[in-house]
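Okay, coords_23.cif is below, mmCIF, C-alpha atoms:
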```cif
data_data
loop_
_atom_site.label_atom_id
_atom_site.label_comp_id
_atom_site.auth_asym_id
_atom_site.auth_seq_id
_atom_site.Cartn_x
_atom_site.Cartn_y
_atom_site.Cartn_z
CA MET W 1401 -5.09 -16.86 -0.49
CA ARG W 1402 -5.99 -13.20 -0.71
CA CYS W 1403 -3.34 -10.95 -2.23
CA PHE W 1404 -2.87 -7.24 -1.61
CA VAL W 1405 -0.72 -4.30 -2.63
CA ILE W 1406 -0.46 -1.86 0.28
CA ASP W 1407 0.40 1.77 -0.21
CA ALA W 1408 2.47 4.00 2.04
CA SER W 1409 -0.64 5.69 3.45
CA VAL W 1410 -1.54 2.37 5.12
CA ILE W 1411 1.97 1.28 6.11
CA ILE W 1412 2.59 4.58 7.88
CA LYS W 1413 -0.34 3.77 10.18
CA TRP W 1414 1.52 0.63 11.31
CA ILE W 1415 4.55 2.72 12.23
CA PHE W 1416 2.74 5.51 14.04
CA PRO W 1417 -0.30 3.87 15.65
CA GLU W 1418 -0.22 6.40 18.48
CA LYS W 1419 -1.22 9.21 16.11
CA THR W 1420 -4.84 9.67 17.14
CA GLU W 1421 -5.64 11.72 14.04
CA GLU W 1422 -5.01 8.69 11.82
CA GLU W 1423 -8.29 7.40 10.44
CA HIS W 1424 -9.05 3.70 10.06
CA LEU W 1425 -6.22 2.59 12.32
CA PRO W 1426 -8.06 -0.59 13.43
CA GLN W 1427 -8.32 -1.75 9.82
CA ALA W 1428 -4.62 -1.05 9.24
CA ILE W 1429 -3.61 -2.96 12.36
CA SER W 1430 -5.90 -5.88 11.42
CA LEU W 1431 -4.26 -6.01 8.02
CA LEU W 1432 -0.80 -6.06 9.61
CA GLN W 1433 -1.85 -8.90 11.92
CA ILE W 1434 -3.07 -11.13 9.10
CA ILE W 1435 0.11 -10.40 7.15
CA LYS W 1436 2.20 -11.48 10.15
CA GLN W 1437 0.09 -14.65 10.40
CA ASN W 1438 0.76 -15.41 6.70
CA LYS W 1439 -2.97 -15.41 5.96
CA VAL W 1440 -2.57 -13.08 2.98
CA LYS W 1441 0.06 -12.44 0.35
CA VAL W 1442 1.53 -8.98 -0.27
CA LEU W 1443 3.06 -7.71 -3.51
CA GLN W 1444 4.67 -4.27 -3.76
CA PRO W 1445 5.95 -1.88 -6.41
CA PRO W 1446 9.70 -1.14 -6.50
CA HIS W 1447 9.48 2.22 -4.73
CA TRP W 1448 7.36 1.24 -1.71
CA LEU W 1449 10.14 1.16 0.88
CA ALA W 1450 11.70 4.41 -0.34
CA GLU W 1451 8.34 6.17 -0.16
CA VAL W 1452 7.65 4.92 3.36
CA ALA W 1453 11.20 5.83 4.43
CA ALA W 1454 10.72 9.37 3.13
CA VAL W 1455 7.68 9.84 5.36
CA ILE W 1456 9.34 8.28 8.40
CA VAL W 1457 12.48 10.41 8.14
CA ARG W 1458 10.31 13.53 7.84
CA LEU W 1459 8.09 12.67 10.82
CA GLN W 1460 10.52 10.93 13.17
CA PRO W 1461 14.06 10.64 11.78
CA LYS W 1462 15.49 8.88 14.85
CA ILE W 1463 13.47 5.72 14.14
CA ALA W 1464 13.98 5.67 10.38
CA GLY W 1465 16.91 3.23 10.23
CA GLU W 1466 15.44 0.62 12.55
CA THR W 1467 11.97 0.90 11.02
CA ILE W 1468 13.30 0.46 7.49
CA GLU W 1469 15.15 -2.68 8.59
CA LEU W 1470 11.97 -4.08 10.17
CA LEU W 1471 9.89 -3.35 7.07
CA ASN W 1472 12.54 -4.86 4.82
CA MET W 1473 12.50 -8.03 6.97
CA MET W 1474 8.86 -8.53 5.95
CA GLU W 1475 10.29 -9.55 2.57
CA PHE W 1476 7.36 -8.40 0.46
CA PRO W 1477 7.88 -9.55 -3.14
CA VAL W 1478 8.47 -6.60 -5.45
CA ILE W 1479 6.97 -6.56 -8.93
CA ASN W 1480 9.31 -4.72 -11.28
CA GLU W 1481 7.92 -5.59 -14.70
CA PRO W 1482 7.99 -2.93 -17.42
CA LYS W 1483 4.25 -3.50 -17.87
CA ILE W 1484 3.48 -2.08 -14.38
CA TYR W 1485 5.19 1.17 -15.37
CA GLN W 1486 3.12 1.31 -18.54
CA ILE W 1487 -0.09 0.70 -16.61
CA ALA W 1488 0.94 3.24 -13.95
CA CYS W 1489 1.65 5.88 -16.61
CA GLN W 1490 -1.78 5.31 -18.16
CA LEU W 1491 -3.45 5.60 -14.75
CA SER W 1492 -1.43 8.71 -13.89
CA GLU W 1493 -2.44 10.40 -17.11
CA ARG W 1494 -6.08 9.31 -16.92
CA PHE W 1495 -6.59 10.32 -13.30
CA LYS W 1496 -4.14 13.24 -13.19
CA HIS W 1497 -2.46 11.63 -10.20
CA HIS W 1498 1.15 11.12 -9.11
CA LEU W 1499 2.89 8.14 -10.69
CA PHE W 1500 4.14 6.84 -7.34
CA ASP W 1501 0.53 6.34 -6.23
CA THR W 1502 -0.54 4.75 -9.49
CA LEU W 1503 2.37 2.27 -9.36
CA TYR W 1504 0.75 0.52 -6.41
CA HIS W 1505 -2.52 0.26 -8.30
CA ALA W 1506 -0.70 -0.94 -11.42
CA VAL W 1507 0.82 -3.86 -9.50
CA ALA W 1508 -2.68 -4.91 -8.40
CA ILE W 1509 -4.06 -4.63 -11.93
CA PHE W 1510 -1.07 -6.54 -13.36
CA SER W 1511 -1.30 -9.33 -10.77
CA ASP W 1512 -4.28 -11.68 -10.92
CA ASN W 1513 -6.76 -11.64 -8.04
CA THR W 1514 -4.95 -8.82 -6.24
CA GLN W 1515 -6.37 -5.70 -4.63
CA PHE W 1516 -4.64 -2.42 -3.92
CA ILE W 1517 -5.43 -1.16 -0.40
CA THR W 1518 -5.16 2.59 0.09
CA ALA W 1519 -6.05 5.17 2.71
CA ASP W 1520 -5.79 7.87 0.01
CA ASN W 1521 -9.45 8.74 -0.49
CA GLN W 1522 -8.64 11.28 -3.19
CA TYR W 1523 -7.05 8.62 -5.40
CA TYR W 1524 -9.71 6.06 -4.53
CA GLN W 1525 -12.48 8.43 -5.66
CA LYS W 1526 -10.74 8.90 -9.01
CA ALA W 1527 -9.80 5.27 -9.61
CA ALA W 1528 -12.49 3.10 -7.99
CA ALA W 1529 -14.17 2.32 -11.31
CA GLN W 1530 -10.88 0.92 -12.61
CA GLY W 1531 -11.20 -2.00 -10.18
CA ALA W 1532 -8.56 -3.87 -8.17
CA ILE W 1533 -8.68 -1.18 -5.48
CA LEU W 1534 -10.05 -1.14 -1.92
CA ARG W 1535 -10.24 1.71 0.56
CA LEU W 1536 -8.68 0.92 3.89
CA ALA W 1537 -11.95 2.14 5.44
CA ASP W 1538 -13.73 -0.76 3.71
CA PHE W 1539 -11.17 -3.42 4.56
CA SER W 1540 -12.35 -6.35 6.67
CA ILE W 1541 -10.46 -9.46 7.70
CA PHE W 1542 -13.72 -11.38 7.35
CA GLU W 1543 -14.04 -10.98 3.58
CA ASP W 1544 -13.12 -13.92 1.39
#
```
Just give me the structure as structure tokens.
Amino acid sequence: MRCFVIDASVIIKWIFPEKTEEEHLPQAISLLQIIKQNKVKVLQPPHWLAEVAAVIVRLQPKIAGETIELLNMMEFPVINEPKIYQIACQLSERFKHHLFDTLYHAVAIFSDNTQFITADNQYYQKAAAQGAILRLADFSIFED
């Protein structure tokens, strides 16, 4: 079974699909559908829900509480090993990028056969050679 780590830039697309300026919305929705069908496994870093909540409360505070409950009900396993923080710190230093973003990538690197899916093209451009990362734009439900 395919395994992914999904950053806030992708999850936000699930919450605000009506935002026409959001790029690669079909890929994000396809990913959500296969998650709901239990066709893939999702692992997350400890801060994922807090980061998503911060964006929701900034964009549309009235839906924050209910949306956080719905996301929490997805019961994504959280990886909270000290090693992911070490990997994330190394990535943050190497790529001069925020630790919260590199934590997602670190979970994918730490976990066997796992890919980090991001809509953050700036981070992807820096970190693609590291491996275990996939741009949302390149995501397809038809890949094995």
Specify as a list in words each residue included when the PyMOL selection byres ((chain W and resi 1517) around 7) is applied to this file.
Phe1404, Val1405, Ile1406, Asp1407, Gln1515, Phe1516, Thr1518, Ile1533, Leu1534, Arg1535 and Leu1536 of chain W
Contacts of Pro1445 of chain W at 6 Å or less, counting only C-alpha atoms, minus same-chain residues fewer than 3 places along, as a ChimeraX atom specification?
/W:1448,1478-1479,1504
Around (4.2, 3.1, -8.1) in the file's own coordinates, what residues are found within 12 Å if you use all atoms listed in the file, given back as JSON, numbers by chain?
{"W": [1405, 1406, 1407, 1408, 1443, 1444, 1445, 1446, 1447, 1448, 1449, 1450, 1451, 1478, 1479, 1480, 1481, 1482, 1483, 1484, 1485, 1486, 1487, 1488, 1489, 1490, 1491, 1492, 1497, 1498, 1499, 1500, 1501, 1502, 1503, 1504, 1505, 1506, 1507, 1508, 1509, 1516]}
Atom CA of Tyr1523 of chain W and atom CA of Phe1495 of chain W, how far apart in Å?
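Distance between the two atoms: 8.1 Å.
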What gap, in Å, lies between atom CA of Pro1426 of chain W and atom CA of Ala1464 of chain W?
23.1 Å
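Here atom CA of Gln1427 of chain W is placed at a distance of 11.3 Å from atom CA of Phe1542 of chain W.
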Residues matched by the PyMOL selection byres ((chain W and resi 1441) around 6) as JSON, numbers by chain
{"W": [1403, 1440, 1442]}
When you write segment 1479-1525 of chain W out from the block above, keep N, CA and C atoms and present the result as a short mmCIF file (atom, residue, chain, number, x, y, z; two decimals), in the first residue's frame, please.
```
data_model
loop_
_atom_site.label_atom_id
_atom_site.label_comp_id
_atom_site.auth_asym_id
_atom_site.auth_seq_id
_atom_site.Cartn_x
_atom_site.Cartn_y
_atom_site.Cartn_z
N ILE W 1479 3.99 10.60 13.57
CA ILE W 1479 5.34 10.10 13.86
C ILE W 1479 6.04 11.18 14.70
N ASN W 1480 6.40 10.81 15.91
CA ASN W 1480 6.98 11.78 16.84
C ASN W 1480 8.30 11.27 17.39
N GLU W 1481 9.10 10.68 16.54
CA GLU W 1481 10.40 10.15 16.93
C GLU W 1481 11.44 11.28 16.95
N PRO W 1482 12.35 11.26 17.91
CA PRO W 1482 13.40 12.28 17.92
C PRO W 1482 14.18 12.35 16.60
N LYS W 1483 14.32 11.21 15.94
CA LYS W 1483 15.07 11.18 14.68
C LYS W 1483 14.44 12.07 13.61
N ILE W 1484 13.10 12.21 13.58
CA ILE W 1484 12.51 13.08 12.54
C ILE W 1484 12.89 14.53 12.78
N TYR W 1485 13.03 14.91 14.05
CA TYR W 1485 13.45 16.29 14.34
C TYR W 1485 14.89 16.52 13.90
N GLN W 1486 15.72 15.50 14.10
CA GLN W 1486 17.11 15.61 13.66
C GLN W 1486 17.19 15.72 12.15
N ILE W 1487 16.45 14.89 11.45
CA ILE W 1487 16.43 14.95 9.99
C ILE W 1487 15.88 16.30 9.53
N ALA W 1488 14.80 16.75 10.16
CA ALA W 1488 14.18 18.02 9.78
C ALA W 1488 15.14 19.19 10.00
N CYS W 1489 15.89 19.15 11.09
CA CYS W 1489 16.88 20.22 11.34
C CYS W 1489 17.96 20.23 10.26
N GLN W 1490 18.42 19.05 9.88
CA GLN W 1490 19.43 18.96 8.81
C GLN W 1490 18.88 19.51 7.50
N LEU W 1491 17.64 19.14 7.17
CA LEU W 1491 17.03 19.63 5.93
C LEU W 1491 16.82 21.15 6.00
N SER W 1492 16.38 21.64 7.13
CA SER W 1492 16.15 23.07 7.30
C SER W 1492 17.43 23.86 7.11
N GLU W 1493 18.50 23.36 7.69
CA GLU W 1493 19.80 24.03 7.55
C GLU W 1493 20.30 23.94 6.10
N ARG W 1494 20.23 22.75 5.53
CA ARG W 1494 20.74 22.54 4.17
C ARG W 1494 20.00 23.38 3.14
N PHE W 1495 18.68 23.42 3.26
CA PHE W 1495 17.87 24.09 2.24
C PHE W 1495 17.43 25.50 2.64
N LYS W 1496 17.85 25.94 3.83
CA LYS W 1496 17.47 27.28 4.32
C LYS W 1496 15.95 27.44 4.25
N HIS W 1497 15.27 26.47 4.85
CA HIS W 1497 13.81 26.44 4.79
C HIS W 1497 13.25 26.21 6.19
N HIS W 1498 12.03 26.66 6.40
CA HIS W 1498 11.38 26.59 7.71
C HIS W 1498 11.28 25.14 8.20
N LEU W 1499 11.56 24.96 9.47
CA LEU W 1499 11.53 23.63 10.07
C LEU W 1499 10.17 22.96 9.97
N PHE W 1500 9.09 23.72 10.07
CA PHE W 1500 7.77 23.10 9.98
C PHE W 1500 7.57 22.41 8.63
N ASP W 1501 8.10 22.98 7.57
CA ASP W 1501 8.00 22.35 6.25
C ASP W 1501 8.90 21.12 6.16
N THR W 1502 10.08 21.22 6.72
CA THR W 1502 11.01 20.09 6.61
C THR W 1502 10.59 18.92 7.51
N LEU W 1503 9.78 19.17 8.52
CA LEU W 1503 9.29 18.06 9.36
C LEU W 1503 8.45 17.08 8.56
N TYR W 1504 7.63 17.57 7.65
CA TYR W 1504 6.85 16.67 6.81
C TYR W 1504 7.79 15.77 6.00
N HIS W 1505 8.77 16.40 5.38
CA HIS W 1505 9.72 15.67 4.55
C HIS W 1505 10.50 14.65 5.40
N ALA W 1506 10.86 15.06 6.61
CA ALA W 1506 11.61 14.17 7.49
C ALA W 1506 10.82 12.91 7.82
N VAL W 1507 9.52 13.03 8.01
CA VAL W 1507 8.70 11.86 8.29
C VAL W 1507 8.76 10.89 7.11
N ALA W 1508 8.71 11.43 5.89
CA ALA W 1508 8.78 10.58 4.70
C ALA W 1508 10.14 9.90 4.58
N ILE W 1509 11.19 10.63 4.86
CA ILE W 1509 12.54 10.06 4.78
C ILE W 1509 12.72 8.99 5.85
N PHE W 1510 12.21 9.25 7.04
CA PHE W 1510 12.32 8.32 8.18
C PHE W 1510 11.53 7.04 7.95
N SER W 1511 10.40 7.15 7.29
CA SER W 1511 9.48 6.03 7.11
C SER W 1511 9.74 5.36 5.76
N ASP W 1512 9.93 4.07 5.76
CA ASP W 1512 10.22 3.33 4.53
C ASP W 1512 9.10 3.46 3.51
N ASN W 1513 9.49 3.55 2.25
CA ASN W 1513 8.55 3.56 1.13
C ASN W 1513 7.43 4.58 1.30
N THR W 1514 7.80 5.78 1.72
CA THR W 1514 6.85 6.86 1.96
C THR W 1514 7.27 8.09 1.18
N GLN W 1515 6.28 8.78 0.62
CA GLN W 1515 6.57 10.01 -0.12
C GLN W 1515 5.85 11.17 0.52
N PHE W 1516 6.52 12.29 0.55
CA PHE W 1516 5.98 13.55 1.03
C PHE W 1516 5.34 14.25 -0.16
N ILE W 1517 4.05 14.58 -0.06
CA ILE W 1517 3.35 15.30 -1.13
C ILE W 1517 3.19 16.75 -0.71
N THR W 1518 3.66 17.65 -1.55
CA THR W 1518 3.59 19.08 -1.26
C THR W 1518 3.13 19.88 -2.46
N ALA W 1519 2.46 20.98 -2.18
CA ALA W 1519 2.11 21.94 -3.22
C ALA W 1519 3.05 23.15 -3.14
N ASP W 1520 4.03 23.07 -2.26
CA ASP W 1520 5.01 24.14 -2.07
C ASP W 1520 6.15 23.95 -3.07
N ASN W 1521 6.01 24.60 -4.21
CA ASN W 1521 7.00 24.44 -5.28
C ASN W 1521 8.37 24.96 -4.88
N GLN W 1522 8.41 25.99 -4.04
CA GLN W 1522 9.69 26.54 -3.62
C GLN W 1522 10.48 25.48 -2.84
N TYR W 1523 9.84 24.81 -1.91
CA TYR W 1523 10.53 23.77 -1.16
C TYR W 1523 10.86 22.59 -2.08
N TYR W 1524 9.94 22.21 -2.92
CA TYR W 1524 10.19 21.08 -3.82
C TYR W 1524 11.44 21.33 -4.67
N GLN W 1525 11.58 22.53 -5.20
CA GLN W 1525 12.74 22.84 -6.04
C GLN W 1525 14.04 22.69 -5.26
#
```
